[in-house]
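Here's the structure we're looking at; comments come further down.
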Amino acid sequence: MDFKIMGKTRLHIDGKDHDLGPAKHRGVLAMLLYYFPQSVQIDRIARVVWPGNAPDQVRSSLQPIISKLRAILAKSGTGASILKEGHAYRLVVEPPEAVDYYRFRKLADQGLVAAQAGDHRAAKELLRAALALWDGRPMQELEGNWADRCRDQMETFDRLPALYTLLDCQHRLGEHLEVMAEAGRLTATLAPDEAFAGLYMRSLDALGRYSAALHFYAAFCHRLFEHIGAEPGPQLRDLYRSILRKQNSTASSGVRPPHQIPLPARNFIGREELLAELDALLDGGGGRVVALHGMPSVGKSQLALKWAARRLGSFPDGNLYVELRGYSAGTPVAADDVLAFLLRSLGAERIPATGDERRLELRRIIGGRRLLILLDDAHESTQVRPVLAATPNCVTLITSRTRLFGLGVLDHVDLKPVPPLSSSESVSLLRKEIGRTRADEDPSAVRDLAGLVDGLPLGLRIIAQQVAHRPGTPIADLVEEFRGHDGLGVLGAVHDSDDASATLPVAFSWSFKYLPDDTAHVFRLLGLNPTTEFGVDVVSALLGEPAEVVGAHLGVLVRHNLLDHGTAPKRFRLHDTLHGFALLLVRRDEATDVRVSAMKRMLDWFLASSGVAAHELDPQTSPVPPLPGMSTTGVVLNGQAEALRWLGEERANLVAAVSLAVRHGFHDHAWRISANFHEAYDRSGYYEDVLVSHRVALKAATALRDPEAISGTHSNLGMVLYRLERYVEAREHFKTGAEIAERIGAQEIQLICSHNLASIHLALGEVSAAIELHRKTLEAVRASGYQDGEAYALNELGNAYRKAEQDDLALRCYYEALAIRRSIGHLRGVATTLTDLGTLHLERGGLEAALLHLREALTLHPVGGDRGRMSEALVALTEVEYNLGRFDDAIVHAESAAALCDAIGARERRGHALRLWGDALAAMGEADEAEERWRLAEEVLRESGSIGARGIGDHLAVRSRTRAPVPHPRSVAPHLGVSTSPEVIEQASQRGEIHTDR
């Protein structure tokens, strides 16, 4: 949450501007923010916002605006409010730092204190953060003398002093190039100011640009005299004389330090942490060496150039730059040739013949000189080690696409990886490249566009050129077009550039050409994997080689920064654009039969492994028919927990593999893989993923004309649509699946579809039809001897009886289902039935019995991995604990329930969890926190179309008007029925009223 007046008056929440109404509304709020935390007299507001009108005339206009602002603030959920204090209004905001002007002044004061204490690095960060809040002309909605005077004071007493202190700190830190640029701009645009003039001259002095400093001084003296009729003060005159003496000394000696390092790219974004780490080079004194490594085109060289540009003033004896051509066109430069180049650059009269002699001569010439050396694009450690031996007192930066482990182990060089830009940095760079005007047309599309290249600066600049060349095409259309390309798409389009080296394929190829042939083959095959992250096993399948062989190749790719370690052991990640490059290469360089064989081996492995996982999750269910002739055994898994972990790890690959298989004609693999992961991802709540996969799988089964595959996939599709509460669509799939299954005699699929059709009836409120169909299905499944199916039918029949308010029959069905599920060890089923039992006892007022069942359910749900039913159990348990007066426990479980519901998209259930959370807080006397939860609950329930939102909204409206501690907004009173204890349950079962395994 941010209230902003340093620019347009805004309320910024979660990355978006909150509507504050017309300009007059924003103007009133701007005044309250400017004076925050003080109150503002009504007469003053009237004079500023309605200039020329008497205060008495505008009071009737001000009051509705205050009311509207109060409503906006209340709706925003920020906790801010406007209080009336006599004849004044005061804005209340917590924390105060939420107001940008307040935060600016606090940060600026802290920066000034740090600068005075000599901590210039800390001061720089604080002042930069403060000045970053300044976003244009303050309080843009307000005009007139008062507003202009306020803006002048903010500029004179706030912004310019902070800016001067920042530039002074940067100068003391050696960032003379940046100081020169900013101080030069300010001296050209502001009235003559000796402070900024002095900074500009000091930066030129530090950079050795004595003539420029002297010329500026003469021009500044002329401007100052014309402006106020006076000469510069003694400090500026002393600085002038000092620079003049240096110029005379340099001219007489005839020695000019080398300055070879080029300037960085115009638009450089981010990397602040890495730049700070490089700054630490200077703190140790003496010679320090850092090797920056990273994948091709990630921005290693630009990072080195940026840091060098900021620190040139720290190296008065000059700087040297060598392009080593480790991974570019041509042959890498030999170490002895690098030594010769450095000797010539430093004015050596002769170049010794041998490398050893060159090292000694270079060391002698450098002596105690403080130089910065940039060795760009090193191929390997041996290419730079002789240079490091000859330059021990220098600060040296090395860039390389390879992890130079040898330098780290033997030469104590700091190896620093350079990662891709973050999402926000990518957006910032793209905005700079395409221009603010174009970027502001569709900020959301710009974010999507930046995401296409996963943080590669070169890729972002290529994208920016595509945008520039098509000014009439909306950016959103370009995003969709670029997404439609396979491989690198526009990033690899050489025909769009007049320089092939400015394309990603060429940049990547310079690294690729140094790979051993076998490793290059592995890299190409990685383009066939459905996504960018994978384990060793799938690469073994692609290659048809054991894991030990594959591991060695992957290690080489990691060392060359063409591959990264993944999120878990033995897993790896290929950058998105490198994956596209690998796909381009495999299509171009591998024979068709090689590609097809590799893809089949991979899909065989996905199919076999997903089948293993499906069997571990549900041993009672008939497996998907095996693929004839397939010999792959797949991954080895032991138990449900391991199966769920593996399926979660491989989710992106398995889902993508279904579409990949269909595109390449492997229809048998497609529907089978989709069927195998249905159970797991249904439990985990990944409904959208499964929906897409099952639709593709249905196309594959239809193409094969396999009726069993078609009917089973219709059943799976129907279940996903049922979970998404799209009941009419789900019913059609269940009907079709049942009809096909009946025709071919697939009894198990037919029974599943019948079960689910009954559940559709129940969801649509057709309770009698649901009960009748569930009874018929139960009879059929009992006749088949399929115990798991019988338990499922009993549980669903219990749900139908519960909906019909026939609780005794519902309890009987639940306990019979529970007994069967315990006997066959179906833990997920046990947890499901316990959840339904606990919820029914809660509804009947049997709080102790509900507590017993729900607690046991929550010990089993994590094992079964059913996140949807687990969220139901958590919400029900929260209500039980609330009704028992266990408010601390209720708060803990409500928080867990709300988070889980949010993760799986169960919006209405999340709203109920938030409501209960608020109830428990209110019961503990935390009225304000309770109101915050209720407001969020009302919003969530309203968006999900629940009638529960109305009661909470009415309650909040009353509370807003009266501010009284009214009761919590429960739609019903706490359950007061008789508790059903375990003893009572046991006695009932012995009498035959219910059946249980207790």
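Residues in the structure tokens are numbered from 1 in each chain, the chains being A, B, ... in the order shown, and ligands are numbered from 1 in the order shown.
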Shell of 12 Å around Asp168 of chain A, only C-alpha atoms, local chain residues under 6 positions omitted, as JSON, numbers by chain
{"A": [111, 112, 115, 116, 118, 119, 120, 121, 123, 124, 127, 161, 162, 174, 175, 176, 178, 179, 180, 182, 183, 195, 196, 197, 198, 199, 200, 201, 202, 203]}
Gln806 of chain A environment, 12 Å, only C-alpha atoms, sequence neighbours closer than 3 positions dropped, as a PyMOL selection string
chain A and resi 767-768+771+797-803+809-813+840+844
State, in Å with one decimal place, the distance from atom CA of Ala817 of chain A to atom CA of Tyr792 of chain A.
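Taking atom CA of Ala817 of chain A as the start and atom CA of Tyr792 of chain A as the end point, the length is 7.0 Å.
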Write out as a list in words which residues come within 10 Å of Gly634 of chain A when counting only C-alpha atoms, dropping same-chain ones fewer than 6 positions away.
Asp537, Val538, Ala541, Asp604, Trp605, Phe606, Leu607, Ala608, Ser609, Ser610, Gly611, Val612 and Ala613 of chain A
Of the residues A:Gly406, A:Gly313, A:Gly846, A:Gly737, which is the one nearest to Ser711 of chain A, using only C-alpha atoms?
A:Gly737
Contacts of segment 546-554 of chain A at 9 Å (only C-alpha atoms; same-chain gap of 2+ positions) as a PDB file with N, CA and C atoms, in the first residue's frame:
```pdb
ATOM      1  N   ASP A 518      29.730 -35.884 -28.482  1.00  0.00           N
ATOM      2  CA  ASP A 518      28.707 -36.634 -27.755  1.00  0.00           C
ATOM      3  C   ASP A 518      27.869 -35.715 -26.879  1.00  0.00           C
ATOM      4  N   THR A 519      28.519 -34.742 -26.249  1.00  0.00           N
ATOM      5  CA  THR A 519      27.788 -33.807 -25.386  1.00  0.00           C
ATOM      6  C   THR A 519      26.902 -32.894 -26.228  1.00  0.00           C
ATOM      7  N   ALA A 520      27.385 -32.499 -27.397  1.00  0.00           N
ATOM      8  CA  ALA A 520      26.566 -31.675 -28.292  1.00  0.00           C
ATOM      9  C   ALA A 520      25.308 -32.431 -28.714  1.00  0.00           C
ATOM     10  N   VAL A 522      23.771 -34.703 -26.900  1.00  0.00           N
ATOM     11  CA  VAL A 522      22.881 -34.680 -25.734  1.00  0.00           C
ATOM     12  C   VAL A 522      22.153 -33.338 -25.662  1.00  0.00           C
ATOM     13  N   PHE A 523      22.893 -32.245 -25.868  1.00  0.00           N
ATOM     14  CA  PHE A 523      22.268 -30.918 -25.798  1.00  0.00           C
ATOM     15  C   PHE A 523      21.146 -30.793 -26.826  1.00  0.00           C
ATOM     16  N   VAL A 536      17.669 -36.674 -14.452  1.00  0.00           N
ATOM     17  CA  VAL A 536      18.644 -37.485 -15.192  1.00  0.00           C
ATOM     18  C   VAL A 536      17.944 -38.641 -15.902  1.00  0.00           C
ATOM     19  N   ASP A 537      16.910 -39.209 -15.267  1.00  0.00           N
ATOM     20  CA  ASP A 537      16.254 -40.409 -15.832  1.00  0.00           C
ATOM     21  C   ASP A 537      15.666 -40.146 -17.217  1.00  0.00           C
ATOM     22  N   VAL A 539      16.595 -37.923 -19.372  1.00  0.00           N
ATOM     23  CA  VAL A 539      17.685 -37.749 -20.344  1.00  0.00           C
ATOM     24  C   VAL A 539      18.271 -39.109 -20.709  1.00  0.00           C
ATOM     25  N   SER A 540      18.336 -40.019 -19.729  1.00  0.00           N
ATOM     26  CA  SER A 540      18.779 -41.385 -20.030  1.00  0.00           C
ATOM     27  C   SER A 540      17.855 -42.039 -21.046  1.00  0.00           C
ATOM     28  N   ALA A 541      16.543 -41.788 -20.888  1.00  0.00           N
ATOM     29  CA  ALA A 541      15.580 -42.346 -21.840  1.00  0.00           C
ATOM     30  C   ALA A 541      15.777 -41.729 -23.223  1.00  0.00           C
ATOM     31  N   LEU A 543      18.449 -40.489 -24.506  1.00  0.00           N
ATOM     32  CA  LEU A 543      19.724 -40.874 -25.092  1.00  0.00           C
ATOM     33  C   LEU A 543      19.836 -42.389 -25.269  1.00  0.00           C
ATOM     34  N   GLY A 544      19.067 -43.135 -24.464  1.00  0.00           N
ATOM     35  CA  GLY A 544      19.213 -44.592 -24.503  1.00  0.00           C
ATOM     36  C   GLY A 544      20.498 -45.044 -23.864  1.00  0.00           C
ATOM     37  N   VAL A 556      29.304 -31.448 -18.085  1.00  0.00           N
ATOM     38  CA  VAL A 556      30.014 -30.594 -19.050  1.00  0.00           C
ATOM     39  C   VAL A 556      29.134 -29.403 -19.436  1.00  0.00           C
ATOM     40  N   LEU A 557      27.841 -29.650 -19.655  1.00  0.00           N
ATOM     41  CA  LEU A 557      26.930 -28.564 -20.026  1.00  0.00           C
ATOM     42  C   LEU A 557      26.790 -27.546 -18.897  1.00  0.00           C
ATOM     43  N   VAL A 558      26.786 -28.024 -17.658  1.00  0.00           N
ATOM     44  CA  VAL A 558      26.726 -27.107 -16.514  1.00  0.00           C
ATOM     45  C   VAL A 558      27.976 -26.247 -16.471  1.00  0.00           C
ATOM     46  N   ARG A 559      29.142 -26.863 -16.692  1.00  0.00           N
ATOM     47  CA  ARG A 559      30.399 -26.103 -16.632  1.00  0.00           C
ATOM     48  C   ARG A 559      30.452 -25.025 -17.702  1.00  0.00           C
ATOM     49  N   LEU A 563      23.550 -25.127 -19.005  1.00  0.00           N
ATOM     50  CA  LEU A 563      22.590 -25.864 -18.208  1.00  0.00           C
ATOM     51  C   LEU A 563      22.798 -25.468 -16.757  1.00  0.00           C
ATOM     52  N   LYS A 570      19.706 -34.174  -8.693  1.00  0.00           N
ATOM     53  CA  LYS A 570      19.660 -34.885  -9.973  1.00  0.00           C
ATOM     54  C   LYS A 570      18.628 -34.299 -10.940  1.00  0.00           C
ATOM     55  N   PHE A 572      17.826 -30.789 -13.489  1.00  0.00           N
ATOM     56  CA  PHE A 572      18.524 -29.716 -14.186  1.00  0.00           C
ATOM     57  C   PHE A 572      17.515 -28.807 -14.862  1.00  0.00           C
TER      58      PHE A 572
END
```
Find the spatial neighbours of Leu126 of chain A, counting only C-alpha atoms, within a cut-off of 12 Å - ignore same-chain residues fewer than 2 positions away - and output them as a ChimeraX atom specification.
/A:103-115,119-124,128-133,162-163,165-166,169
Using DSSP secondary structure from the backbone, list all strand (DSSP E or B) positions within segment 266-431 of chain A, as an MDAnalysis selection string.
chainID A and resid 288:293 319:323 372:378 395:400 414:417
Would you save the residues of that selection, restricted to C-alpha atoms, as a PDB file, in the first residue's frame?
```
ATOM      1  CA  ARG A 288      41.670  -8.519  -6.359  1.00  0.00           C
ATOM      2  CA  VAL A 289      40.276 -10.726  -9.109  1.00  0.00           C
ATOM      3  CA  VAL A 290      36.678 -11.670  -9.879  1.00  0.00           C
ATOM      4  CA  ALA A 291      35.488 -13.969 -12.679  1.00  0.00           C
ATOM      5  CA  LEU A 292      31.912 -13.346 -13.813  1.00  0.00           C
ATOM      6  CA  HIS A 293      30.372 -16.380 -15.486  1.00  0.00           C
ATOM      7  CA  ASN A 319      42.435   0.953 -17.290  1.00  0.00           C
ATOM      8  CA  LEU A 320      43.127  -1.820 -19.796  1.00  0.00           C
ATOM      9  CA  TYR A 321      40.699  -3.925 -21.831  1.00  0.00           C
ATOM     10  CA  VAL A 322      41.376  -7.162 -23.743  1.00  0.00           C
ATOM     11  CA  GLU A 323      38.793  -9.052 -25.836  1.00  0.00           C
ATOM     12  CA  LEU A 372      41.815  -1.757 -13.628  1.00  0.00           C
ATOM     13  CA  ILE A 373      42.021  -4.634 -16.123  1.00  0.00           C
ATOM     14  CA  LEU A 374      39.029  -6.195 -17.882  1.00  0.00           C
ATOM     15  CA  LEU A 375      39.651  -9.548 -19.580  1.00  0.00           C
ATOM     16  CA  ASP A 376      36.474 -10.152 -21.559  1.00  0.00           C
ATOM     17  CA  ASP A 377      35.210 -13.545 -22.823  1.00  0.00           C
ATOM     18  CA  ALA A 378      37.796 -15.969 -21.446  1.00  0.00           C
ATOM     19  CA  VAL A 395      41.994  -5.118  -9.836  1.00  0.00           C
ATOM     20  CA  THR A 396      41.006  -7.552 -12.581  1.00  0.00           C
ATOM     21  CA  LEU A 397      37.582  -8.499 -13.912  1.00  0.00           C
ATOM     22  CA  ILE A 398      37.198 -11.614 -16.047  1.00  0.00           C
ATOM     23  CA  THR A 399      34.082 -12.625 -17.946  1.00  0.00           C
ATOM     24  CA  SER A 400      33.479 -16.113 -19.280  1.00  0.00           C
ATOM     25  CA  ASP A 414      36.101 -15.184  -6.692  1.00  0.00           C
ATOM     26  CA  LEU A 415      33.718 -16.913  -9.136  1.00  0.00           C
ATOM     27  CA  LYS A 416      30.427 -15.035  -9.361  1.00  0.00           C
ATOM     28  CA  PRO A 417      27.508 -16.338 -11.440  1.00  0.00           C
TER      29      PRO A 417
END
```
For Lys24 of chain A, list every protein, DNA or RNA residue within 12 Å, evaluated using only C-alpha atoms, and leave out those in the same chain fewer than 2 positions away; present the list as a ChimeraX atom specification.
/A:9,20-22,26-31,45-46,48-51,61-62,64-66,68-69,139-143
List as a PyMOL selection string the protein and nucleic acid residues near segment 743-749 of chain A, meaning an atom at most 10 Å away when only C-alpha atoms are counted, but skip any in the same chain fewer than 4 places from it.
chain A and resi 621-622+707-708+711-716+734+737-739+753-755+780-781+784+786+789
Using N, CA and C atoms, can you write the selected residues to a file as a PDB file, in the first residue's frame?
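Full text of result_16.pdb as output:
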```
ATOM      1  N   THR A 621      -7.508 -49.928  -7.991  1.00  0.00           N
ATOM      2  CA  THR A 621      -8.100 -49.585  -9.285  1.00  0.00           C
ATOM      3  C   THR A 621      -7.381 -50.326 -10.405  1.00  0.00           C
ATOM      4  N   SER A 622      -8.128 -50.739 -11.394  1.00  0.00           N
ATOM      5  CA  SER A 622      -7.524 -51.418 -12.554  1.00  0.00           C
ATOM      6  C   SER A 622      -6.597 -50.456 -13.275  1.00  0.00           C
ATOM      7  N   PRO A 707     -12.609 -47.480 -28.310  1.00  0.00           N
ATOM      8  CA  PRO A 707     -13.793 -47.140 -27.506  1.00  0.00           C
ATOM      9  C   PRO A 707     -13.516 -47.134 -26.004  1.00  0.00           C
ATOM     10  N   GLU A 708     -12.677 -48.052 -25.518  1.00  0.00           N
ATOM     11  CA  GLU A 708     -12.383 -48.062 -24.076  1.00  0.00           C
ATOM     12  C   GLU A 708     -11.631 -46.793 -23.679  1.00  0.00           C
ATOM     13  N   SER A 711     -14.198 -43.857 -23.783  1.00  0.00           N
ATOM     14  CA  SER A 711     -15.143 -43.829 -22.659  1.00  0.00           C
ATOM     15  C   SER A 711     -14.437 -43.437 -21.366  1.00  0.00           C
ATOM     16  N   GLY A 712     -13.238 -43.991 -21.133  1.00  0.00           N
ATOM     17  CA  GLY A 712     -12.491 -43.656 -19.917  1.00  0.00           C
ATOM     18  C   GLY A 712     -12.100 -42.187 -19.868  1.00  0.00           C
ATOM     19  N   THR A 713     -11.713 -41.634 -21.023  1.00  0.00           N
ATOM     20  CA  THR A 713     -11.323 -40.229 -21.054  1.00  0.00           C
ATOM     21  C   THR A 713     -12.534 -39.326 -20.863  1.00  0.00           C
ATOM     22  N   HIS A 714     -13.696 -39.706 -21.417  1.00  0.00           N
ATOM     23  CA  HIS A 714     -14.925 -38.943 -21.151  1.00  0.00           C
ATOM     24  C   HIS A 714     -15.212 -38.919 -19.647  1.00  0.00           C
ATOM     25  N   SER A 715     -15.021 -40.066 -19.000  1.00  0.00           N
ATOM     26  CA  SER A 715     -15.259 -40.137 -17.557  1.00  0.00           C
ATOM     27  C   SER A 715     -14.319 -39.196 -16.802  1.00  0.00           C
ATOM     28  N   ASN A 716     -13.040 -39.223 -17.176  1.00  0.00           N
ATOM     29  CA  ASN A 716     -12.068 -38.346 -16.512  1.00  0.00           C
ATOM     30  C   ASN A 716     -12.379 -36.876 -16.761  1.00  0.00           C
ATOM     31  N   PHE A 734     -20.164 -37.699 -18.782  1.00  0.00           N
ATOM     32  CA  PHE A 734     -20.479 -38.931 -18.052  1.00  0.00           C
ATOM     33  C   PHE A 734     -21.473 -39.800 -18.837  1.00  0.00           C
ATOM     34  N   GLY A 737     -19.629 -41.340 -21.781  1.00  0.00           N
ATOM     35  CA  GLY A 737     -18.728 -42.381 -21.299  1.00  0.00           C
ATOM     36  C   GLY A 737     -19.488 -43.634 -20.905  1.00  0.00           C
ATOM     37  N   ALA A 738     -20.623 -43.456 -20.207  1.00  0.00           N
ATOM     38  CA  ALA A 738     -21.419 -44.613 -19.766  1.00  0.00           C
ATOM     39  C   ALA A 738     -21.993 -45.376 -20.946  1.00  0.00           C
ATOM     40  N   GLU A 739     -22.495 -44.655 -21.957  1.00  0.00           N
ATOM     41  CA  GLU A 739     -23.084 -45.310 -23.131  1.00  0.00           C
ATOM     42  C   GLU A 739     -22.051 -46.153 -23.870  1.00  0.00           C
ATOM     43  N   CYS A 753     -19.057 -43.900 -14.191  1.00  0.00           N
ATOM     44  CA  CYS A 753     -19.889 -42.855 -14.802  1.00  0.00           C
ATOM     45  C   CYS A 753     -21.251 -42.762 -14.110  1.00  0.00           C
ATOM     46  N   SER A 754     -21.797 -43.901 -13.724  1.00  0.00           N
ATOM     47  CA  SER A 754     -23.082 -43.886 -13.020  1.00  0.00           C
ATOM     48  C   SER A 754     -22.953 -43.201 -11.665  1.00  0.00           C
ATOM     49  N   HIS A 755     -21.882 -43.563 -10.926  1.00  0.00           N
ATOM     50  CA  HIS A 755     -21.596 -42.878  -9.669  1.00  0.00           C
ATOM     51  C   HIS A 755     -21.617 -41.360  -9.869  1.00  0.00           C
ATOM     52  N   ALA A 780     -25.168 -52.752  -8.130  1.00  0.00           N
ATOM     53  CA  ALA A 780     -24.356 -53.296  -9.225  1.00  0.00           C
ATOM     54  C   ALA A 780     -22.915 -53.520  -8.785  1.00  0.00           C
ATOM     55  N   VAL A 781     -22.389 -52.596  -8.032  1.00  0.00           N
ATOM     56  CA  VAL A 781     -20.988 -52.718  -7.659  1.00  0.00           C
ATOM     57  C   VAL A 781     -20.799 -53.794  -6.593  1.00  0.00           C
ATOM     58  N   SER A 784     -20.537 -57.052  -8.310  1.00  0.00           N
ATOM     59  CA  SER A 784     -19.260 -57.275  -8.999  1.00  0.00           C
ATOM     60  C   SER A 784     -18.147 -57.670  -8.039  1.00  0.00           C
ATOM     61  N   TYR A 786     -16.415 -55.599  -6.233  1.00  0.00           N
ATOM     62  CA  TYR A 786     -15.388 -54.551  -6.273  1.00  0.00           C
ATOM     63  C   TYR A 786     -15.521 -53.710  -5.008  1.00  0.00           C
ATOM     64  N   GLY A 789     -15.071 -49.853  -5.075  1.00  0.00           N
ATOM     65  CA  GLY A 789     -16.230 -49.234  -5.696  1.00  0.00           C
ATOM     66  C   GLY A 789     -17.441 -49.237  -4.773  1.00  0.00           C
TER      67      GLY A 789
END
```
Nearest to Arg403 of chain A, chosen from A:Asn883, A:Asn561, A:Thr473, A:Asn756, with only C-alpha atoms counted in the distances:
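Residue with the minimum atom-to-atom distance to Arg403 of chain A: A:Asn561.
For the atom pair formed by atom CA of Ala937 of chain A and atom CA of Ala913 of chain A, the distance is 7.9 Å, given to one decimal.
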Members of segment 454-601 of chain A assigned alpha helix (DSSP H) by DSSP, as a ChimeraX atom specification
/A:457-469,475-483,504-512,517-526,536-543,547-559,576-589,592-601
Could those selected residues go to a file with C-alpha atoms, as a compact mmCIF listing (two decimals), in the first residue's frame?
```
# COMPACT_ATOMS: atom_id res chain seq x y z
CA PRO A 457 19.18 -8.71 -22.14
CA LEU A 458 20.04 -9.52 -25.76
CA GLY A 459 16.68 -11.24 -26.21
CA LEU A 460 14.90 -8.21 -24.74
CA ARG A 461 16.69 -5.88 -27.16
CA ILE A 462 15.76 -8.13 -30.09
CA ILE A 463 12.13 -8.09 -28.93
CA ALA A 464 12.31 -4.29 -28.62
CA GLN A 465 13.45 -4.03 -32.24
CA GLN A 466 10.50 -6.15 -33.34
CA VAL A 467 8.16 -3.78 -31.48
CA ALA A 468 9.86 -0.72 -33.01
CA HIS A 469 9.58 -2.12 -36.54
CA ILE A 475 1.77 -5.20 -28.17
CA ALA A 476 -0.77 -7.78 -27.00
CA ASP A 477 -1.06 -9.04 -30.59
CA LEU A 478 2.73 -9.30 -30.83
CA VAL A 479 2.79 -11.35 -27.62
CA GLU A 480 0.31 -13.87 -29.03
CA GLU A 481 2.19 -14.00 -32.34
CA PHE A 482 5.57 -14.56 -30.69
CA ARG A 483 4.15 -17.22 -28.38
CA LEU A 504 20.63 -15.46 -30.21
CA PRO A 505 21.43 -18.52 -32.41
CA VAL A 506 24.79 -17.04 -33.36
CA ALA A 507 25.54 -16.00 -29.77
CA PHE A 508 24.68 -19.48 -28.52
CA SER A 509 26.54 -21.25 -31.31
CA TRP A 510 29.86 -19.79 -30.15
CA SER A 511 29.47 -21.77 -26.91
CA PHE A 512 28.03 -24.82 -28.62
CA ASP A 517 30.47 -34.23 -30.14
CA ASP A 518 28.71 -36.63 -27.76
CA THR A 519 27.79 -33.81 -25.39
CA ALA A 520 26.57 -31.68 -28.29
CA HIS A 521 24.29 -34.58 -29.28
CA VAL A 522 22.88 -34.68 -25.73
CA PHE A 523 22.27 -30.92 -25.80
CA ARG A 524 20.36 -31.19 -29.07
CA LEU A 525 18.15 -34.00 -27.72
CA LEU A 526 17.24 -31.86 -24.70
CA VAL A 536 18.64 -37.48 -15.19
CA ASP A 537 16.25 -40.41 -15.83
CA VAL A 538 14.39 -38.75 -18.69
CA VAL A 539 17.68 -37.75 -20.34
CA SER A 540 18.78 -41.38 -20.03
CA ALA A 541 15.58 -42.35 -21.84
CA LEU A 542 16.15 -39.75 -24.57
CA LEU A 543 19.72 -40.87 -25.09
CA ALA A 547 22.50 -42.50 -15.90
CA GLU A 548 26.27 -42.50 -15.24
CA VAL A 549 27.04 -41.69 -18.90
CA VAL A 550 24.33 -39.05 -19.05
CA GLY A 551 25.50 -37.43 -15.79
CA ALA A 552 28.97 -36.82 -17.24
CA HIS A 553 27.54 -35.01 -20.28
CA LEU A 554 25.22 -32.91 -18.13
CA GLY A 555 28.19 -31.93 -15.96
CA VAL A 556 30.01 -30.59 -19.05
CA LEU A 557 26.93 -28.56 -20.03
CA VAL A 558 26.73 -27.11 -16.51
CA ARG A 559 30.40 -26.10 -16.63
CA ASP A 576 13.93 -21.08 -22.01
CA THR A 577 15.85 -19.60 -24.90
CA LEU A 578 18.52 -22.31 -24.76
CA HIS A 579 15.71 -24.86 -24.89
CA GLY A 580 14.46 -23.13 -28.02
CA PHE A 581 18.00 -23.21 -29.43
CA ALA A 582 18.29 -26.94 -28.69
CA LEU A 583 14.96 -27.54 -30.45
CA LEU A 584 16.22 -25.59 -33.46
CA LEU A 585 19.40 -27.70 -33.55
CA VAL A 586 17.72 -31.08 -33.11
CA ARG A 587 15.40 -30.37 -36.03
CA ARG A 588 18.24 -29.12 -38.19
CA ASP A 589 21.11 -31.47 -37.31
CA THR A 592 14.40 -37.91 -38.53
CA ASP A 593 14.73 -41.52 -37.36
CA VAL A 594 17.05 -40.42 -34.53
CA ARG A 595 14.56 -37.77 -33.36
CA VAL A 596 11.58 -40.13 -33.55
CA SER A 597 13.40 -42.93 -31.69
CA ALA A 598 14.55 -40.55 -28.94
CA MET A 599 11.06 -39.11 -28.52
CA LYS A 600 9.48 -42.57 -28.35
CA ARG A 601 11.97 -43.67 -25.66
```
For segment 671-730 of chain A versus segment 624-627 of chain A, which residues have an atom no more than 10 Å away, and what is each residue's nearest atom pair and distance in Å rounded to one decimal, using only C-alpha atoms, chain-then-number order, as a Markdown table?
```
| residue | atom | partner | partner_atom | distance |
| --- | --- | --- | --- | --- |
| A:Trp671 | CA | A:Val624 | CA | 9.6 |
| A:Arg672 | CA | A:Val624 | CA | 6.5 |
| A:Ile673 | CA | A:Val624 | CA | 9.0 |
| A:Ala675 | CA | A:Val624 | CA | 7.2 |
| A:Asn676 | CA | A:Val624 | CA | 7.0 |
| A:Glu708 | CA | A:Pro625 | CA | 9.7 |
| A:Ala709 | CA | A:Val624 | CA | 9.1 |
| A:Gly712 | CA | A:Val624 | CA | 9.5 |
```
Using only C-alpha atoms, what table do you get, as JSON lines, when you list each residue of segment 629-746 of chain A with an atom no more than 12 Å from segment 898-904 of chain A, its nearest pair of atoms, and their distance in Å rounded to one decimal, rows by chain then rising number?
```
{"residue": "A:Tyr681", "atom": "CA", "partner": "A:Ile904", "partner_atom": "CA", "distance": 11.0}
{"residue": "A:Asp682", "atom": "CA", "partner": "A:Ile904", "partner_atom": "CA", "distance": 10.6}
{"residue": "A:Arg683", "atom": "CA", "partner": "A:Ile904", "partner_atom": "CA", "distance": 10.2}
{"residue": "A:Ser684", "atom": "CA", "partner": "A:Ile904", "partner_atom": "CA", "distance": 7.7}
{"residue": "A:Gly685", "atom": "CA", "partner": "A:Ile904", "partner_atom": "CA", "distance": 5.4}
{"residue": "A:Tyr686", "atom": "CA", "partner": "A:Ile904", "partner_atom": "CA", "distance": 7.2}
{"residue": "A:Tyr687", "atom": "CA", "partner": "A:Ile904", "partner_atom": "CA", "distance": 8.6}
{"residue": "A:Glu688", "atom": "CA", "partner": "A:Ile904", "partner_atom": "CA", "distance": 10.3}
{"residue": "A:Asp689", "atom": "CA", "partner": "A:Ile904", "partner_atom": "CA", "distance": 12.0}
{"residue": "A:Arg723", "atom": "CA", "partner": "A:Ile904", "partner_atom": "CA", "distance": 11.0}
{"residue": "A:Leu724", "atom": "CA", "partner": "A:Ile904", "partner_atom": "CA", "distance": 10.9}
```
